[in-house]
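A.B. asks: Take a look at this one; I'll ask things after.
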Amino acid sequence: MQRPEPEKPNAEGEPTASQRSHPAAVKYDFMVVSNRLPVDRDVQDENGDDSTNGWKRSPGGLVTALAPMMTKSEGAWVGWHGAPDETVRPFSHGGMDLVPVQLSNEDVELYYEGFSNATLWPLYHDVIAPPEFHRTWWDAYRKVNKRFADAVVRHANHGATVWVQDYQLQLVPRMLREARPDLRIGFFNHIPFPPPEIFAQLPWRQAIIDGLLGADLVGFQRPSDAGNFMRSARRFLGASVKQQQVHVKGPDGEITHIARAQAFPISIDVEQISELARTPEIIERSRQIRKDLGNPATILLGVDRLDYTKGIRHRLKAIEELLNEGKLRVEDATLIQVASPSRERVEQYRLLREEIEGTVGHINGTYDTIQNTAVRYLHHSYPVEEMVAMYLAADVMLVTALRDGMNLVAKEYVAARTANDGALVLSEFAGAADQLKQALLMNPHDIDGLKDTIMKAVHMPAKEAARRMRSMRKQIMDHDVDHWSADFLMALNEKVIRDDT
Ligand code: G6P
């Protein structure tokens, strides 16, 4: 990498003003590209408190997974900084070099809220909400993907490795291959890839598959996602697929390269979460949380972005019926539901918020006493320290996603339970179910089954809980996020042996 020696940080460990921006001409051997940078522009709060230095951590699992790797590598991260119509120069933050891509208000509306989150997101999540197809959204998606690809082209050294992330940028691999055949191009899809029968609805299905096939390696969360992708490549592009290799043909029908499609289940920084869970202040904070809730016998916890894929309605329905039947009593059990604000200008998300908040109000109005609350609903996001305190305070973790690429919250809960106690109720439709086999797995559509599973978790004998938790902790300790990125990057840099048999 060609860049000048960095200055020393100031006494607070924060970068100096000159360190925050770095020359636009710097080039890198390794680049990560995702819709969002790991930090979002933060507007100062009303009191003028700028304790975040103008930036706050971005939402979602992608950042959770990639930030640890990026702080250890010498690469750069290309992405949007979260503020529409604002131009920000390349800068460094938290030990990472960041290259911002600008989005106008219109780009946000058409490319981000529109095509990414009202077309692709519902289509890729089992059409839980109906996807909308608009040609203007597609045009914006193409245009913005090109802008991301151009930023990489400007900053990548010859022969650099580029790792493109997630459904917002599926055209970037092909754009990069055309502009810069010298690059090694990887792509990772953090969300599910739908079966061809559903993917078929997308009017631009061929262009999306072709965009992804620009990569040398296309990674997915589950083997079934990789399988779905390969079946779509065969069906919609007529590609020849042998085992995990897709033979990509050029315009004359000759094979230009081989793209591999494989599963690499993502994980978390297990050590970081476990260490926080052993910190006396955080343990104390978890006790305080229990105390503030009146020390109920059981605290149940849900932690999600407020998204219709997460099955929050199903969870609330189950809790409400259990309260109604007297199997749970408000004096003994409280559900803490953290629902972090997400995509608030997208219609489906607005509707969901209204529905969830109406339901919570209804449950609390019916079952609360002056002293006790059935559901403590928190429409906020919290720093990781507070999240770990909540994980420690919770006897039962509820992950009831209707469809989820992975669900890192489930893994974080397990990482935080260093005493091998607590119970995890986990949807079989979350990618995490492939790895956390000792969780209490269930189908969230089956409300009776969900209720039974919740009661089993509430009454689980300590011995059984310990056996399950120990086995899940071993799994995640052996497969943390460093393994994930190392496995992917090793596979990306392997020479492909062409399998023509
Ligand atoms: C999921 C997606 C990410 C996305 C995150 C937050 O984890 O896989 O790509 O960044 O949600 O969503 P947002 O729309 O706020 O970026």
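Ordering of the structure tokens sets the chain letters (A, B, ...), residue numbers begin anew at 1 in every chain, and ligands are numbered from 1 in the order given.
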Can you list, as a CSV table (one decimal) with all heavy atoms, in the first residue's frame, every protein, DNA or RNA residue that comes within 6 Å of Leu306 of chain A when you count only C-alpha atoms, leaving out same-chain residues fewer than 3 positions away?
C.D. replies:
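Produced file selection_37.csv, reproduced below:
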```
chain,number,residue,atom,x,y,z
A,339,ALA,N,-36.1,-2.7,19.5
A,339,ALA,CA,-36.4,-2.7,18.1
A,339,ALA,C,-35.7,-1.4,17.5
A,339,ALA,O,-36.2,-0.3,17.7
A,339,ALA,CB,-37.9,-2.6,17.8
A,340,SER,N,-34.5,-1.6,16.9
A,340,SER,CA,-33.8,-0.4,16.5
A,340,SER,C,-34.4,0.2,15.2
A,340,SER,O,-34.8,-0.6,14.3
A,340,SER,CB,-32.3,-0.7,16.4
A,340,SER,OG,-32.1,-1.8,15.7
A,341,PRO,N,-34.5,1.5,15.2
A,341,PRO,CA,-35.1,2.1,14.0
A,341,PRO,C,-34.4,1.8,12.7
A,341,PRO,O,-33.2,1.6,12.7
A,341,PRO,CB,-34.9,3.6,14.3
A,341,PRO,CG,-34.6,3.7,15.8
A,341,PRO,CD,-34.0,2.4,16.2
A,342,SER,N,-35.2,1.5,11.7
A,342,SER,CA,-34.6,1.1,10.4
A,342,SER,C,-35.5,1.5,9.2
A,342,SER,O,-36.7,1.4,9.3
A,342,SER,CB,-34.5,-0.4,10.4
A,342,SER,OG,-33.7,-0.9,9.3
```
A.B. asks: Select the residues contacting ligand 1 at a distance of at most 8 Å, based on only C-alpha atoms and all ligand atoms, then format the selection as a ChimeraX atom specification.
C.D. replies: /A:34-36,58-63,112-113,117,165-168,189-191,305,342-343,405
A.B. asks: Mind checking which residues fall within 8 Å of segment 212-218 of chain A, counting only C-alpha atoms, ignoring those fewer than 3 positions away in the same chain, and posting them as a PDB file with N, CA and C atoms, in the first residue's frame?
C.D. replies:
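What follows is the written file around-v8.pdb:
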```
ATOM      1  N   GLN A 170     -24.977  -5.706  -6.289  1.00  0.00           N
ATOM      2  CA  GLN A 170     -24.775  -6.949  -7.042  1.00  0.00           C
ATOM      3  C   GLN A 170     -24.233  -6.748  -8.460  1.00  0.00           C
ATOM      4  N   LEU A 171     -24.284  -5.504  -8.964  1.00  0.00           N
ATOM      5  CA  LEU A 171     -23.764  -5.286 -10.315  1.00  0.00           C
ATOM      6  C   LEU A 171     -22.283  -4.916 -10.303  1.00  0.00           C
ATOM      7  N   VAL A 172     -21.763  -4.605  -9.110  1.00  0.00           N
ATOM      8  CA  VAL A 172     -20.383  -4.103  -9.022  1.00  0.00           C
ATOM      9  C   VAL A 172     -19.345  -5.143  -9.496  1.00  0.00           C
ATOM     10  N   PRO A 173     -19.483  -6.437  -9.170  1.00  0.00           N
ATOM     11  CA  PRO A 173     -18.443  -7.371  -9.618  1.00  0.00           C
ATOM     12  C   PRO A 173     -18.237  -7.353 -11.143  1.00  0.00           C
ATOM     13  N   ARG A 174     -19.314  -7.395 -11.894  1.00  0.00           N
ATOM     14  CA  ARG A 174     -19.188  -7.374 -13.358  1.00  0.00           C
ATOM     15  C   ARG A 174     -18.576  -6.048 -13.838  1.00  0.00           C
ATOM     16  N   MET A 175     -19.007  -4.939 -13.248  1.00  0.00           N
ATOM     17  CA  MET A 175     -18.470  -3.625 -13.650  1.00  0.00           C
ATOM     18  C   MET A 175     -16.972  -3.561 -13.390  1.00  0.00           C
ATOM     19  N   LEU A 176     -16.547  -4.149 -12.261  1.00  0.00           N
ATOM     20  CA  LEU A 176     -15.117  -4.137 -11.938  1.00  0.00           C
ATOM     21  C   LEU A 176     -14.337  -5.016 -12.914  1.00  0.00           C
ATOM     22  N   ARG A 177     -14.876  -6.180 -13.219  1.00  0.00           N
ATOM     23  CA  ARG A 177     -14.157  -7.096 -14.117  1.00  0.00           C
ATOM     24  C   ARG A 177     -13.965  -6.441 -15.479  1.00  0.00           C
ATOM     25  N   ARG A 184      -8.729  -9.181  -8.232  1.00  0.00           N
ATOM     26  CA  ARG A 184      -9.366 -10.407  -7.699  1.00  0.00           C
ATOM     27  C   ARG A 184     -10.661  -9.945  -7.058  1.00  0.00           C
ATOM     28  N   ILE A 185     -11.773 -10.472  -7.508  1.00  0.00           N
ATOM     29  CA  ILE A 185     -13.053  -9.918  -7.063  1.00  0.00           C
ATOM     30  C   ILE A 185     -13.863 -10.954  -6.284  1.00  0.00           C
ATOM     31  N   GLY A 186     -14.189 -10.623  -5.058  1.00  0.00           N
ATOM     32  CA  GLY A 186     -15.052 -11.479  -4.252  1.00  0.00           C
ATOM     33  C   GLY A 186     -16.367 -10.757  -3.990  1.00  0.00           C
ATOM     34  N   PHE A 187     -17.433 -11.528  -3.789  1.00  0.00           N
ATOM     35  CA  PHE A 187     -18.719 -10.947  -3.431  1.00  0.00           C
ATOM     36  C   PHE A 187     -19.303 -11.780  -2.302  1.00  0.00           C
ATOM     37  N   PHE A 188     -19.892 -11.133  -1.308  1.00  0.00           N
ATOM     38  CA  PHE A 188     -20.589 -11.890  -0.266  1.00  0.00           C
ATOM     39  C   PHE A 188     -21.992 -11.343  -0.071  1.00  0.00           C
ATOM     40  N   ASN A 189     -22.973 -12.248  -0.129  1.00  0.00           N
ATOM     41  CA  ASN A 189     -24.367 -11.874   0.047  1.00  0.00           C
ATOM     42  C   ASN A 189     -24.759 -12.132   1.504  1.00  0.00           C
ATOM     43  N   ILE A 208     -28.823  -9.215 -12.957  1.00  0.00           N
ATOM     44  CA  ILE A 208     -28.324  -9.412 -11.585  1.00  0.00           C
ATOM     45  C   ILE A 208     -27.391 -10.623 -11.537  1.00  0.00           C
ATOM     46  N   ILE A 209     -27.805 -11.720 -12.143  1.00  0.00           N
ATOM     47  CA  ILE A 209     -26.947 -12.915 -12.136  1.00  0.00           C
ATOM     48  C   ILE A 209     -25.638 -12.605 -12.865  1.00  0.00           C
ATOM     49  N   VAL A 248     -18.344 -19.101 -16.808  1.00  0.00           N
ATOM     50  CA  VAL A 248     -18.943 -17.866 -17.316  1.00  0.00           C
ATOM     51  C   VAL A 248     -18.489 -17.642 -18.753  1.00  0.00           C
ATOM     52  N   HIS A 257     -14.128 -16.881 -17.583  1.00  0.00           N
ATOM     53  CA  HIS A 257     -13.567 -17.221 -16.273  1.00  0.00           C
ATOM     54  C   HIS A 257     -14.539 -18.142 -15.542  1.00  0.00           C
ATOM     55  N   ILE A 258     -14.041 -18.615 -14.401  1.00  0.00           N
ATOM     56  CA  ILE A 258     -14.903 -19.482 -13.587  1.00  0.00           C
ATOM     57  C   ILE A 258     -15.243 -18.738 -12.304  1.00  0.00           C
ATOM     58  N   ALA A 259     -16.532 -18.634 -12.032  1.00  0.00           N
ATOM     59  CA  ALA A 259     -16.950 -18.045 -10.752  1.00  0.00           C
ATOM     60  C   ALA A 259     -17.364 -19.204  -9.854  1.00  0.00           C
ATOM     61  N   ARG A 260     -16.875 -19.192  -8.617  1.00  0.00           N
ATOM     62  CA  ARG A 260     -17.305 -20.245  -7.682  1.00  0.00           C
ATOM     63  C   ARG A 260     -18.380 -19.700  -6.755  1.00  0.00           C
ATOM     64  N   ALA A 261     -19.300 -20.553  -6.366  1.00  0.00           N
ATOM     65  CA  ALA A 261     -20.361 -20.146  -5.432  1.00  0.00           C
ATOM     66  C   ALA A 261     -20.324 -21.111  -4.252  1.00  0.00           C
ATOM     67  N   GLN A 262     -20.217 -20.561  -3.060  1.00  0.00           N
ATOM     68  CA  GLN A 262     -19.997 -21.409  -1.879  1.00  0.00           C
ATOM     69  C   GLN A 262     -20.563 -20.743  -0.625  1.00  0.00           C
ATOM     70  N   ALA A 491     -10.093 -18.708   0.054  1.00  0.00           N
ATOM     71  CA  ALA A 491     -10.759 -19.330  -1.099  1.00  0.00           C
ATOM     72  C   ALA A 491     -10.705 -18.386  -2.312  1.00  0.00           C
ATOM     73  N   LEU A 492     -10.822 -17.088  -2.054  1.00  0.00           N
ATOM     74  CA  LEU A 492     -10.803 -16.120  -3.159  1.00  0.00           C
ATOM     75  C   LEU A 492      -9.448 -16.120  -3.859  1.00  0.00           C
TER      76      LEU A 492
END
```
A.B. asks: Counting only C-alpha atoms, which residue out of A:Lys437, A:Glu385, A:Met455, A:Lys463 sits closest to Asp421 of chain A?
C.D. replies: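 Closest residue, counting only C-alpha atoms: A:Lys463.
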A.B. asks: Please, which residues of segment 393-485 of chain A, numbered as in this document, come out strand (DSSP E or B) from DSSP, as a list in words?
C.D. replies: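 Across segment 393-485 of chain A, those assigned strand (DSSP E or B) are Val396, Met397, Leu398, Val399, Asp404, Ala423, Leu424, Val425, Leu426, Ser427, Ala430, Leu440, Leu441 and Met442 of chain A.
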A.B. asks: List every residue of segment 115-330 of chain A that DSSP, applied to the backbone of this structure, places in helix (DSSP H, G or I), and write the result as a ChimeraX atom specification.
C.D. replies: /A:115-124,135-155,167-169,172-179,196-199,205-212,223-237,270-277,280-292,308-310,312-324
A.B. asks: Given only C-alpha atoms as the basis, pick out the residue of A:Ser224, A:Gln102, A:Gln435, A:Gln288 nearest to Ile266 of chain A.
C.D. replies: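 Using only C-alpha atoms, the shortest distance to Ile266 of chain A belongs to A:Gln435.
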A.B. asks: With only C-alpha atoms as the counted atoms, please give the residues lying no more than 8 Å from Ala65 of chain A, apart from itself and same-chain residues fewer than 5 positions off, as a list in words.
C.D. replies: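 Counting only C-alpha atoms, the residues come to Ile266, Ser267, Ile268, Asp269 and Val481 of chain A.
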A.B. asks: Pick out the residues sitting within 9 Å of Asp107 of chain A, and hand them over as number ranges by chain; count only C-alpha atoms, and ignore anything fewer than 4 positions along from it in its own chain.
C.D. replies: A: 84, 103, 111-113, 137, 140-141, 143-144
A.B. asks: Those residues you just picked out, can you put them in a file as a short mmCIF file (atom, residue, chain, number, x, y, z; two decimals), in the first residue's frame with N, CA and C atoms?
C.D. replies:
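Writing done, so here's result.cif:
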```
data_model
loop_
_atom_site.label_atom_id
_atom_site.label_comp_id
_atom_site.auth_asym_id
_atom_site.auth_seq_id
_atom_site.Cartn_x
_atom_site.Cartn_y
_atom_site.Cartn_z
N PRO A 84 -27.42 12.14 2.94
CA PRO A 84 -27.72 12.44 1.54
C PRO A 84 -27.17 13.80 1.12
N LEU A 103 -24.35 9.91 -2.13
CA LEU A 103 -25.68 9.61 -2.67
C LEU A 103 -26.54 10.87 -2.55
N TYR A 111 -32.54 4.24 -5.31
CA TYR A 111 -31.61 3.11 -5.24
C TYR A 111 -31.66 2.40 -3.88
N TYR A 112 -31.67 3.20 -2.77
CA TYR A 112 -31.57 2.61 -1.44
C TYR A 112 -32.95 2.20 -0.91
N GLU A 113 -33.85 3.18 -0.76
CA GLU A 113 -35.17 2.84 -0.22
C GLU A 113 -35.98 2.04 -1.24
N TRP A 137 -36.41 2.79 -10.46
CA TRP A 137 -35.58 2.30 -9.35
C TRP A 137 -34.40 1.50 -9.90
N ALA A 140 -31.72 3.70 -11.31
CA ALA A 140 -30.92 4.32 -10.25
C ALA A 140 -29.95 3.28 -9.64
N TYR A 141 -30.41 2.06 -9.50
CA TYR A 141 -29.56 0.99 -8.93
C TYR A 141 -28.32 0.80 -9.80
N LYS A 143 -27.00 2.95 -11.92
CA LYS A 143 -26.19 4.17 -11.90
C LYS A 143 -25.35 4.23 -10.60
N VAL A 144 -25.98 3.91 -9.49
CA VAL A 144 -25.26 4.00 -8.22
C VAL A 144 -24.23 2.87 -8.09
#
```
A.B. asks: Using only C-alpha atoms, which of A:Ile476, A:Val88, A:Met70, A:Ala416 sits nearest Leu392 of chain A?
C.D. replies: A:Ala416
A.B. asks: Give me the residues near segment 316-323 of chain A as a ChimeraX atom specification, where near means some atom within 9 Å (using only C-alpha atoms) and where sequence neighbours in that chain fewer than 3 positions away do not count.
C.D. replies: /A:311-313,326-330,335,356,359-360,363,367,374-375,447-448,450-451,454-455
A.B. asks: What does the file look like for those residues with N, CA and C atoms, as a PDB file, in the first residue's frame?
C.D. replies:
```
ATOM      1  N   GLY A 311     -39.979 -11.339  12.509  1.00  0.00           N
ATOM      2  CA  GLY A 311     -41.004 -12.114  13.216  1.00  0.00           C
ATOM      3  C   GLY A 311     -41.378 -11.532  14.567  1.00  0.00           C
ATOM      4  N   ILE A 312     -41.303 -10.211  14.695  1.00  0.00           N
ATOM      5  CA  ILE A 312     -41.610  -9.584  15.999  1.00  0.00           C
ATOM      6  C   ILE A 312     -43.100  -9.747  16.324  1.00  0.00           C
ATOM      7  N   ARG A 313     -43.941  -9.632  15.282  1.00  0.00           N
ATOM      8  CA  ARG A 313     -45.391  -9.794  15.504  1.00  0.00           C
ATOM      9  C   ARG A 313     -45.718 -11.185  16.032  1.00  0.00           C
ATOM     10  N   GLY A 326     -52.387 -17.509  31.270  1.00  0.00           N
ATOM     11  CA  GLY A 326     -51.823 -17.597  32.619  1.00  0.00           C
ATOM     12  C   GLY A 326     -50.569 -18.457  32.698  1.00  0.00           C
ATOM     13  N   LYS A 327     -50.033 -18.855  31.557  1.00  0.00           N
ATOM     14  CA  LYS A 327     -48.791 -19.649  31.598  1.00  0.00           C
ATOM     15  C   LYS A 327     -47.608 -18.744  31.915  1.00  0.00           C
ATOM     16  N   LEU A 328     -47.705 -17.485  31.472  1.00  0.00           N
ATOM     17  CA  LEU A 328     -46.761 -16.462  31.937  1.00  0.00           C
ATOM     18  C   LEU A 328     -47.582 -15.467  32.742  1.00  0.00           C
ATOM     19  N   ARG A 329     -46.983 -14.965  33.848  1.00  0.00           N
ATOM     20  CA  ARG A 329     -47.659 -13.936  34.639  1.00  0.00           C
ATOM     21  C   ARG A 329     -46.804 -12.690  34.656  1.00  0.00           C
ATOM     22  N   VAL A 330     -47.435 -11.528  34.552  1.00  0.00           N
ATOM     23  CA  VAL A 330     -46.677 -10.279  34.440  1.00  0.00           C
ATOM     24  C   VAL A 330     -45.785 -10.043  35.668  1.00  0.00           C
ATOM     25  N   LEU A 335     -40.861  -9.218  28.931  1.00  0.00           N
ATOM     26  CA  LEU A 335     -40.127  -9.263  27.659  1.00  0.00           C
ATOM     27  C   LEU A 335     -39.530  -7.881  27.409  1.00  0.00           C
ATOM     28  N   ILE A 356     -46.639  -2.874  15.383  1.00  0.00           N
ATOM     29  CA  ILE A 356     -45.932  -3.379  16.574  1.00  0.00           C
ATOM     30  C   ILE A 356     -46.252  -2.502  17.783  1.00  0.00           C
ATOM     31  N   THR A 359     -49.659  -3.148  19.042  1.00  0.00           N
ATOM     32  CA  THR A 359     -49.755  -4.434  19.746  1.00  0.00           C
ATOM     33  C   THR A 359     -49.128  -4.353  21.134  1.00  0.00           C
ATOM     34  N   VAL A 360     -47.955  -3.709  21.215  1.00  0.00           N
ATOM     35  CA  VAL A 360     -47.298  -3.574  22.525  1.00  0.00           C
ATOM     36  C   VAL A 360     -48.204  -2.790  23.471  1.00  0.00           C
ATOM     37  N   ILE A 363     -51.000  -5.060  24.628  1.00  0.00           N
ATOM     38  CA  ILE A 363     -50.574  -6.076  25.616  1.00  0.00           C
ATOM     39  C   ILE A 363     -50.336  -5.407  26.970  1.00  0.00           C
ATOM     40  N   TYR A 367     -52.232  -6.218  30.481  1.00  0.00           N
ATOM     41  CA  TYR A 367     -51.604  -7.074  31.508  1.00  0.00           C
ATOM     42  C   TYR A 367     -50.734  -6.329  32.526  1.00  0.00           C
ATOM     43  N   ALA A 374     -45.425  -6.026  31.053  1.00  0.00           N
ATOM     44  CA  ALA A 374     -45.312  -7.256  30.251  1.00  0.00           C
ATOM     45  C   ALA A 374     -44.229  -7.105  29.197  1.00  0.00           C
ATOM     46  N   VAL A 375     -44.257  -5.978  28.482  1.00  0.00           N
ATOM     47  CA  VAL A 375     -43.281  -5.759  27.411  1.00  0.00           C
ATOM     48  C   VAL A 375     -42.627  -4.398  27.615  1.00  0.00           C
ATOM     49  N   ILE A 447     -47.593 -20.800  15.893  1.00  0.00           N
ATOM     50  CA  ILE A 447     -47.669 -20.037  17.155  1.00  0.00           C
ATOM     51  C   ILE A 447     -47.739 -20.982  18.363  1.00  0.00           C
ATOM     52  N   ASP A 448     -48.486 -22.091  18.231  1.00  0.00           N
ATOM     53  CA  ASP A 448     -48.540 -23.034  19.363  1.00  0.00           C
ATOM     54  C   ASP A 448     -47.160 -23.632  19.628  1.00  0.00           C
ATOM     55  N   LEU A 450     -44.326 -22.244  18.904  1.00  0.00           N
ATOM     56  CA  LEU A 450     -43.495 -21.173  19.458  1.00  0.00           C
ATOM     57  C   LEU A 450     -43.779 -21.016  20.960  1.00  0.00           C
ATOM     58  N   LYS A 451     -45.070 -21.047  21.322  1.00  0.00           N
ATOM     59  CA  LYS A 451     -45.434 -20.908  22.742  1.00  0.00           C
ATOM     60  C   LYS A 451     -44.835 -22.053  23.568  1.00  0.00           C
ATOM     61  N   ILE A 454     -41.153 -21.484  23.961  1.00  0.00           N
ATOM     62  CA  ILE A 454     -40.853 -20.429  24.942  1.00  0.00           C
ATOM     63  C   ILE A 454     -40.989 -20.996  26.363  1.00  0.00           C
ATOM     64  N   MET A 455     -42.060 -21.762  26.608  1.00  0.00           N
ATOM     65  CA  MET A 455     -42.261 -22.316  27.961  1.00  0.00           C
ATOM     66  C   MET A 455     -41.174 -23.327  28.315  1.00  0.00           C
TER      67      MET A 455
END
```
A.B. asks: Calculated over only C-alpha atoms, which of the candidates A:Glu254, A:Glu347, A:Glu325, A:Glu412 has the smallest distance to Leu276 of chain A?
C.D. replies: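 Nearest candidate to Leu276 of chain A out of A:Glu254, A:Glu347, A:Glu325, A:Glu412: A:Glu412.
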A.B. asks: Quick one: residues within 9 Å of Asn105 of chain A, only C-alpha atoms, excluding same-chain residues fewer than 5 positions away - as a list in words?
C.D. replies: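 Once the adjacent positions are removed, what remains is Ala83, Pro84, Asp85 and Leu110 of chain A.
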